[in-house]
file upload-v8.pdb (PDB, C-alpha atoms, pLDDT in the B column)
ATOM      1  CA  MET A   1     112.483 137.308  55.066  1.00 81.00           C
ATOM      2  CA  LYS A   2     113.278 134.318  52.853  1.00 85.00           C
ATOM      3  CA  ILE A   3     112.592 136.320  49.695  1.00 88.00           C
ATOM      4  CA  LEU A   4     114.780 139.165  51.012  1.00 90.00           C
ATOM      5  CA  ALA A   5     117.583 136.702  51.769  1.00 90.00           C
ATOM      6  CA  TYR A   6     117.169 135.266  48.269  1.00 91.00           C
ATOM      7  CA  THR A   7     117.317 138.715  46.667  1.00 91.00           C
ATOM      8  CA  THR A   8     120.290 140.030  48.646  1.00 92.00           C
ATOM      9  CA  SER A   9     122.294 136.826  48.210  1.00 91.00           C
ATOM     10  CA  ILE A  10     121.788 136.958  44.444  1.00 91.00           C
ATOM     11  CA  LEU A  11     122.608 140.673  44.431  1.00 91.00           C
ATOM     12  CA  VAL A  12     125.874 140.301  46.352  1.00 90.00           C
ATOM     13  CA  ALA A  13     126.940 137.245  44.351  1.00 89.00           C
ATOM     14  CA  ALA A  14     126.204 139.076  41.101  1.00 89.00           C
ATOM     15  CA  LEU A  15     128.197 142.070  42.333  1.00 87.00           C
ATOM     16  CA  VAL A  16     131.215 139.897  43.141  1.00 84.00           C
ATOM     17  CA  TYR A  17     130.772 138.084  39.818  1.00 84.00           C
ATOM     18  CA  PHE A  18     130.819 141.375  37.902  1.00 82.00           C
ATOM     19  CA  LEU A  19     133.779 142.652  39.934  1.00 78.00           C
ATOM     20  CA  PHE A  20     135.622 139.515  38.905  1.00 74.00           C
ATOM     21  CA  ALA A  21     134.654 140.074  35.271  1.00 70.00           C
ATOM     22  CA  ALA A  22     135.857 143.691  35.452  1.00 66.00           C
ATOM     23  CA  TYR A  23     139.209 142.683  36.898  1.00 68.00           C
ATOM     24  CA  MET A  24     139.607 139.919  34.340  1.00 64.00           C
ATOM     25  CA  GLY A  25     138.713 142.335  31.556  1.00 58.00           C
ATOM     26  CA  VAL A  26     141.311 144.852  32.706  1.00 58.00           C
ATOM     27  CA  SER A  27     144.138 142.581  33.785  1.00 58.00           C
ATOM     28  CA  ALA A  28     143.468 139.720  31.341  1.00 53.00           C
ATOM     29  CA  GLY A  29     145.017 137.259  33.757  1.00 60.00           C
ATOM     30  CA  LEU A  30     145.135 136.055  37.326  1.00 63.00           C
ATOM     31  CA  ASN A  31     148.041 136.295  39.713  1.00 67.00           C
ATOM     32  CA  SER A  32     146.383 134.164  42.432  1.00 71.00           C
ATOM     33  CA  TRP A  33     143.572 131.714  43.039  1.00 77.00           C
ATOM     34  CA  PHE A  34     141.610 134.050  45.321  1.00 77.00           C
ATOM     35  CA  PRO A  35     139.520 135.646  42.544  1.00 77.00           C
ATOM     36  CA  LEU A  36     138.668 132.184  41.202  1.00 81.00           C
ATOM     37  CA  ILE A  37     137.527 131.017  44.632  1.00 84.00           C
ATOM     38  CA  SER A  38     135.398 134.118  44.996  1.00 84.00           C
ATOM     39  CA  PHE A  39     134.028 133.698  41.451  1.00 84.00           C
ATOM     40  CA  TYR A  40     132.992 130.073  41.944  1.00 88.00           C
ATOM     41  CA  CYS A  41     131.537 130.849  45.382  1.00 89.00           C
ATOM     42  CA  ALA A  42     129.459 133.573  43.719  1.00 89.00           C
ATOM     43  CA  LEU A  43     128.188 131.049  41.183  1.00 90.00           C
ATOM     44  CA  VAL A  44     127.323 128.543  43.923  1.00 93.00           C
ATOM     45  CA  VAL A  45     125.472 131.248  45.857  1.00 93.00           C
ATOM     46  CA  ILE A  46     123.574 132.428  42.769  1.00 91.00           C
ATOM     47  CA  GLY A  47     122.753 129.019  41.362  1.00 92.00           C
ATOM     48  CA  TRP A  48     122.195 126.894  44.423  1.00 93.00           C
ATOM     49  CA  LEU A  49     122.365 128.491  47.839  1.00 92.00           C
ATOM     50  CA  SER A  50     120.182 131.511  47.073  1.00 91.00           C
ATOM     51  CA  TRP A  51     117.160 129.194  47.006  1.00 91.00           C
ATOM     52  CA  PHE A  52     118.338 126.051  48.826  1.00 92.00           C
ATOM     53  CA  HIS A  53     117.202 127.464  52.181  1.00 89.00           C
ATOM     54  CA  PHE A  54     113.608 127.425  50.866  1.00 89.00           C
ATOM     55  CA  PHE A  55     113.655 123.617  50.879  1.00 90.00           C
ATOM     56  CA  TYR A  56     116.053 122.865  53.765  1.00 90.00           C
ATOM     57  CA  PRO A  57     116.044 125.905  56.058  1.00 89.00           C
ATOM     58  CA  LYS A  58     118.751 125.057  58.595  1.00 91.00           C
ATOM     59  CA  ILE A  59     121.359 123.460  56.351  1.00 94.00           C
ATOM     60  CA  GLY A  60     120.622 126.068  53.670  1.00 92.00           C
ATOM     61  CA  ALA A  61     121.212 128.900  56.148  1.00 91.00           C
ATOM     62  CA  ILE A  62     124.461 127.341  57.341  1.00 94.00           C
ATOM     63  CA  LEU A  63     125.788 126.720  53.832  1.00 95.00           C
ATOM     64  CA  LEU A  64     124.758 130.170  52.599  1.00 93.00           C
ATOM     65  CA  THR A  65     126.531 131.768  55.555  1.00 93.00           C
ATOM     66  CA  ILE A  66     129.700 129.738  54.958  1.00 95.00           C
ATOM     67  CA  PHE A  67     129.831 130.445  51.224  1.00 94.00           C
ATOM     68  CA  LEU A  68     129.066 134.150  51.606  1.00 92.00           C
ATOM     69  CA  ILE A  69     131.861 134.527  54.154  1.00 92.00           C
ATOM     70  CA  LEU A  70     134.219 132.468  51.960  1.00 91.00           C
ATOM     71  CA  MET A  71     133.249 134.551  48.932  1.00 87.00           C
ATOM     72  CA  PHE A  72     134.087 137.768  50.765  1.00 85.00           C
ATOM     73  CA  SER A  73     137.206 136.579  52.572  1.00 86.00           C
ATOM     74  CA  SER A  74     138.762 135.028  49.474  1.00 81.00           C
ATOM     75  CA  TRP A  75     139.003 138.215  47.454  1.00 76.00           C
ATOM     76  CA  PRO A  76     137.127 141.431  48.362  1.00 77.00           C
ATOM     77  CA  ALA A  77     138.760 141.379  51.805  1.00 79.00           C
ATOM     78  CA  PHE A  78     142.169 141.293  50.125  1.00 76.00           C
ATOM     79  CA  LEU A  79     141.161 144.303  48.028  1.00 75.00           C
ATOM     80  CA  LEU A  80     140.442 146.160  51.264  1.00 77.00           C
ATOM     81  CA  VAL A  81     143.819 145.159  52.733  1.00 79.00           C
ATOM     82  CA  GLU A  82     145.531 146.151  49.480  1.00 76.00           C
ATOM     83  CA  ARG A  83     143.928 149.580  49.710  1.00 78.00           C
ATOM     84  CA  ILE A  84     145.457 150.105  53.133  1.00 82.00           C
ATOM     85  CA  THR A  85     148.889 148.514  52.693  1.00 84.00           C
ATOM     86  CA  GLY A  86     149.704 148.219  48.999  1.00 76.00           C
ATOM     87  CA  GLU A  87     150.547 150.337  46.028  1.00 74.00           C
ATOM     88  CA  TYR A  88     147.329 149.466  44.252  1.00 73.00           C
ATOM     89  CA  LYS A  89     144.409 151.523  45.577  1.00 74.00           C
ATOM     90  CA  PRO A  90     141.060 149.921  44.732  1.00 73.00           C
ATOM     91  CA  SER A  91     137.997 151.935  45.639  1.00 77.00           C
ATOM     92  CA  LEU A  92     136.289 151.268  48.957  1.00 76.00           C
ATOM     93  CA  TRP A  93     133.020 150.180  47.374  1.00 77.00           C
ATOM     94  CA  GLU A  94     134.744 147.070  45.984  1.00 75.00           C
ATOM     95  CA  SER A  95     135.037 145.753  49.530  1.00 77.00           C
ATOM     96  CA  LEU A  96     132.505 147.585  51.667  1.00 83.00           C
ATOM     97  CA  ILE A  97     129.390 147.110  49.529  1.00 85.00           C
ATOM     98  CA  PRO A  98     129.873 143.318  49.300  1.00 85.00           C
ATOM     99  CA  LEU A  99     130.566 143.207  53.053  1.00 87.00           C
ATOM    100  CA  GLY A 100     127.381 145.150  53.799  1.00 90.00           C
ATOM    101  CA  LEU A 101     125.247 143.059  51.444  1.00 89.00           C
ATOM    102  CA  ILE A 102     126.707 139.823  52.823  1.00 90.00           C
ATOM    103  CA  SER A 103     125.890 140.923  56.362  1.00 92.00           C
ATOM    104  CA  ILE A 104     122.327 141.786  55.346  1.00 93.00           C
ATOM    105  CA  ALA A 105     121.865 138.490  53.459  1.00 92.00           C
ATOM    106  CA  ILE A 106     123.121 136.454  56.424  1.00 91.00           C
ATOM    107  CA  TYR A 107     120.795 138.365  58.742  1.00 93.00           C
ATOM    108  CA  PHE A 108     117.789 137.781  56.469  1.00 92.00           C
ATOM    109  CA  VAL A 109     118.447 134.079  55.962  1.00 91.00           C
ATOM    110  CA  TRP A 110     118.740 133.445  59.708  1.00 91.00           C
ATOM    111  CA  MET A 111     115.669 135.561  60.475  1.00 90.00           C
ATOM    112  CA  GLY A 112     113.768 133.567  57.841  1.00 85.00           C
ATOM    113  CA  TYR A 113     114.919 130.365  59.520  1.00 86.00           C
ATOM    114  CA  TYR A 114     113.868 131.416  63.010  1.00 88.00           C
ATOM    115  CA  LYS A 115     110.497 132.798  61.879  1.00 85.00           C
ATOM    116  CA  LYS A 116     109.693 129.450  60.206  1.00 78.00           C
ATOM    117  CA  GLN A 117     108.217 130.974  57.079  1.00 76.00           C
ATOM    118  CA  VAL A 118     106.797 128.520  54.568  1.00 79.00           C
ATOM    119  CA  LEU A 119     106.628 129.432  50.893  1.00 83.00           C
ATOM    120  CA  ASN A 120     104.297 128.053  48.270  1.00 88.00           C
ATOM    121  CA  LYS A 121     105.761 124.972  46.549  1.00 88.00           C
ATOM    122  CA  TYR A 122     105.379 126.488  43.083  1.00 92.00           C
ATOM    123  CA  LEU A 123     106.958 129.781  44.140  1.00 91.00           C
ATOM    124  CA  LYS A 124     109.973 127.866  45.442  1.00 90.00           C
ATOM    125  CA  TYR A 125     110.516 126.220  42.070  1.00 92.00           C
ATOM    126  CA  ILE A 126     109.861 129.416  40.123  1.00 92.00           C
ATOM    127  CA  LEU A 127     112.537 131.176  42.180  1.00 91.00           C
ATOM    128  CA  ALA A 128     114.971 128.237  42.020  1.00 92.00           C
ATOM    129  CA  ILE A 129     115.109 127.383  38.327  1.00 93.00           C
ATOM    130  CA  PRO A 130     116.302 130.665  36.671  1.00 93.00           C
ATOM    131  CA  PRO A 131     119.343 131.284  38.919  1.00 93.00           C
ATOM    132  CA  ALA A 132     120.351 127.629  38.703  1.00 93.00           C
ATOM    133  CA  LEU A 133     120.284 127.699  34.910  1.00 93.00           C
ATOM    134  CA  LEU A 134     122.112 131.035  34.780  1.00 91.00           C
ATOM    135  CA  ALA A 135     124.866 129.828  37.108  1.00 91.00           C
ATOM    136  CA  LEU A 136     125.287 126.580  35.167  1.00 92.00           C
ATOM    137  CA  TYR A 137     125.602 128.505  31.921  1.00 92.00           C
ATOM    138  CA  ALA A 138     127.998 131.178  33.249  1.00 87.00           C
ATOM    139  CA  GLY A 139     130.105 128.735  35.250  1.00 87.00           C
ATOM    140  CA  GLY A 140     130.267 126.183  32.469  1.00 89.00           C
ATOM    141  CA  TYR A 141     131.123 128.760  29.845  1.00 87.00           C
ATOM    142  CA  PHE A 142     133.886 130.341  31.941  1.00 83.00           C
ATOM    143  CA  THR A 143     135.335 126.999  32.987  1.00 85.00           C
ATOM    144  CA  ILE A 144     135.490 125.751  29.407  1.00 88.00           C
ATOM    145  CA  ILE A 145     137.044 128.994  28.144  1.00 82.00           C
ATOM    146  CA  TYR A 146     139.530 129.415  31.016  1.00 77.00           C
ATOM    147  CA  PHE A 147     140.608 125.836  31.649  1.00 79.00           C
ATOM    148  CA  GLY A 148     139.627 124.239  28.332  1.00 74.00           C
TER     149      GLY A 148
END

call {"tool": "encode", "arguments": {"input": "upload-v8.pdb", "output": "structure tokens"}}
result
Amino acid sequence: MKILAYTTSILVAALVYFLFAAYMGVSAGLNSWFPLISFYCALVVIGWLSWFHFFYPKIGAILLTIFLILMFSSWPAFLLVERITGEYKPSLWESLIPLGLISIAIYFVWMGYYKKQVLNKYLKYILAIPPALLALYAGGYFTIIYFG
């Protein structure tokens, strides 16, 4: 379950990250802070929280749940509301696929916590290092380009 939670959390964070990149590529600007919140939450989930629950199961599960919900509610949820009420009509997959993957990731991380699975120490580090480095690179590069 812990590996499934790891995989789905990285998958949903990468999806939100690429949605953000697509919107930035098309609009070339932001009209609110919600996409930035979602973007940085995606980087935190990819780089830190996707594997943190391997080392500290309870606090990792709580933090992953909070950040996944914050990541969804800060931007993809607004895309869903905009589809219903606004002039702009984003496709449903931009909100429903992240919502489904977030629900699955939260389920897996809590099932992994309650089943008390223990992973090999070396496997934990092998799974932790690549996403952490990727998130540091992507987040640092974007922050320097956008705010620098």

call {"tool": "atom_distance", "arguments": {"input": "upload-v8.pdb", "atom1": "CA of Val118 in chain A", "atom2": "CA of Cys41 in chain A"}}
result
26.5 Å

call {"tool": "resolve_selection", "arguments": {"input": "upload-v8.pdb", "expression": "the PyMOL selection byres ((chain A and resi 133-146) around 7)", "output": "PyMOL selection string"}}
result
chain A and resi 43+46-47+129-132+147-148

call {"tool": "closest_residue", "arguments": {"input": "upload-v8.pdb", "among": "A:Leu127, A:Val16, A:Val81, A:Ile106", "to": "Tyr40 in chain A", "atoms": "all atoms listed in the file"}}
result
A:Val16

call {"tool": "axis_aligned_box", "arguments": {"input": "upload-v8.pdb", "around": "range 111-122 of chain A", "padding_each_side": "4 Å", "output": "JSON"}}
result
{"center_x": 110.0, "center_y": 130.3, "center_z": 53.0, "size_x": 19.4, "size_y": 18.6, "size_z": 27.9}

call {"tool": "closest_residue", "arguments": {"input": "upload-v8.pdb", "among": "A:Pro98, A:Glu87, A:Leu63, A:Met111", "to": "Phe18 in chain A", "atoms": "only C-alpha atoms"}}
result
A:Pro98

call {"tool": "resolve_selection", "arguments": {"input": "upload-v8.pdb", "expression": "the PyMOL selection byres ((chain A and resi 109) around 12)", "output": "ChimeraX atom specification"}}
result
/A:1-9,49-54,56-65,68,102-108,110-117

call {"tool": "write_last_selection", "arguments": {"input": "upload-v8.pdb", "atoms": "C-alpha atoms", "output": "short mmCIF file (atom, residue, chain, number, x, y, z; two decimals), in the frame of the given file"}}
result
data_model
loop_
_atom_site.label_atom_id
_atom_site.label_comp_id
_atom_site.auth_asym_id
_atom_site.auth_seq_id
_atom_site.Cartn_x
_atom_site.Cartn_y
_atom_site.Cartn_z
CA MET A 1 112.48 137.31 55.07
CA LYS A 2 113.28 134.32 52.85
CA ILE A 3 112.59 136.32 49.70
CA LEU A 4 114.78 139.16 51.01
CA ALA A 5 117.58 136.70 51.77
CA TYR A 6 117.17 135.27 48.27
CA THR A 7 117.32 138.72 46.67
CA THR A 8 120.29 140.03 48.65
CA SER A 9 122.29 136.83 48.21
CA LEU A 49 122.36 128.49 47.84
CA SER A 50 120.18 131.51 47.07
CA TRP A 51 117.16 129.19 47.01
CA PHE A 52 118.34 126.05 48.83
CA HIS A 53 117.20 127.46 52.18
CA PHE A 54 113.61 127.42 50.87
CA TYR A 56 116.05 122.86 53.76
CA PRO A 57 116.04 125.90 56.06
CA LYS A 58 118.75 125.06 58.60
CA ILE A 59 121.36 123.46 56.35
CA GLY A 60 120.62 126.07 53.67
CA ALA A 61 121.21 128.90 56.15
CA ILE A 62 124.46 127.34 57.34
CA LEU A 63 125.79 126.72 53.83
CA LEU A 64 124.76 130.17 52.60
CA THR A 65 126.53 131.77 55.56
CA LEU A 68 129.07 134.15 51.61
CA ILE A 102 126.71 139.82 52.82
CA SER A 103 125.89 140.92 56.36
CA ILE A 104 122.33 141.79 55.35
CA ALA A 105 121.86 138.49 53.46
CA ILE A 106 123.12 136.45 56.42
CA TYR A 107 120.80 138.36 58.74
CA PHE A 108 117.79 137.78 56.47
CA TRP A 110 118.74 133.44 59.71
CA MET A 111 115.67 135.56 60.48
CA GLY A 112 113.77 133.57 57.84
CA TYR A 113 114.92 130.36 59.52
CA TYR A 114 113.87 131.42 63.01
CA LYS A 115 110.50 132.80 61.88
CA LYS A 116 109.69 129.45 60.21
CA GLN A 117 108.22 130.97 57.08
#

call {"tool": "residues_near_point", "arguments": {"input": "upload-v8.pdb", "point": "(141.3, 149.2, 55.2)", "cutoff": "12 Å", "atoms": "all atoms listed in the file", "output": "PyMOL selection string"}}
result
chain A and resi 76-86+89-96

call {"tool": "closest_residue", "arguments": {"input": "upload-v8.pdb", "among": "A:Phe34, A:Tyr122, A:Phe39, A:Trp75", "to": "Tyr17 in chain A", "atoms": "all atoms listed in the file"}}
result
A:Phe39

call {"tool": "atom_distance", "arguments": {"input": "upload-v8.pdb", "atom1": "CA of Leu101 in chain A", "atom2": "CA of Lys121 in chain A"}}
result
27.0 Å
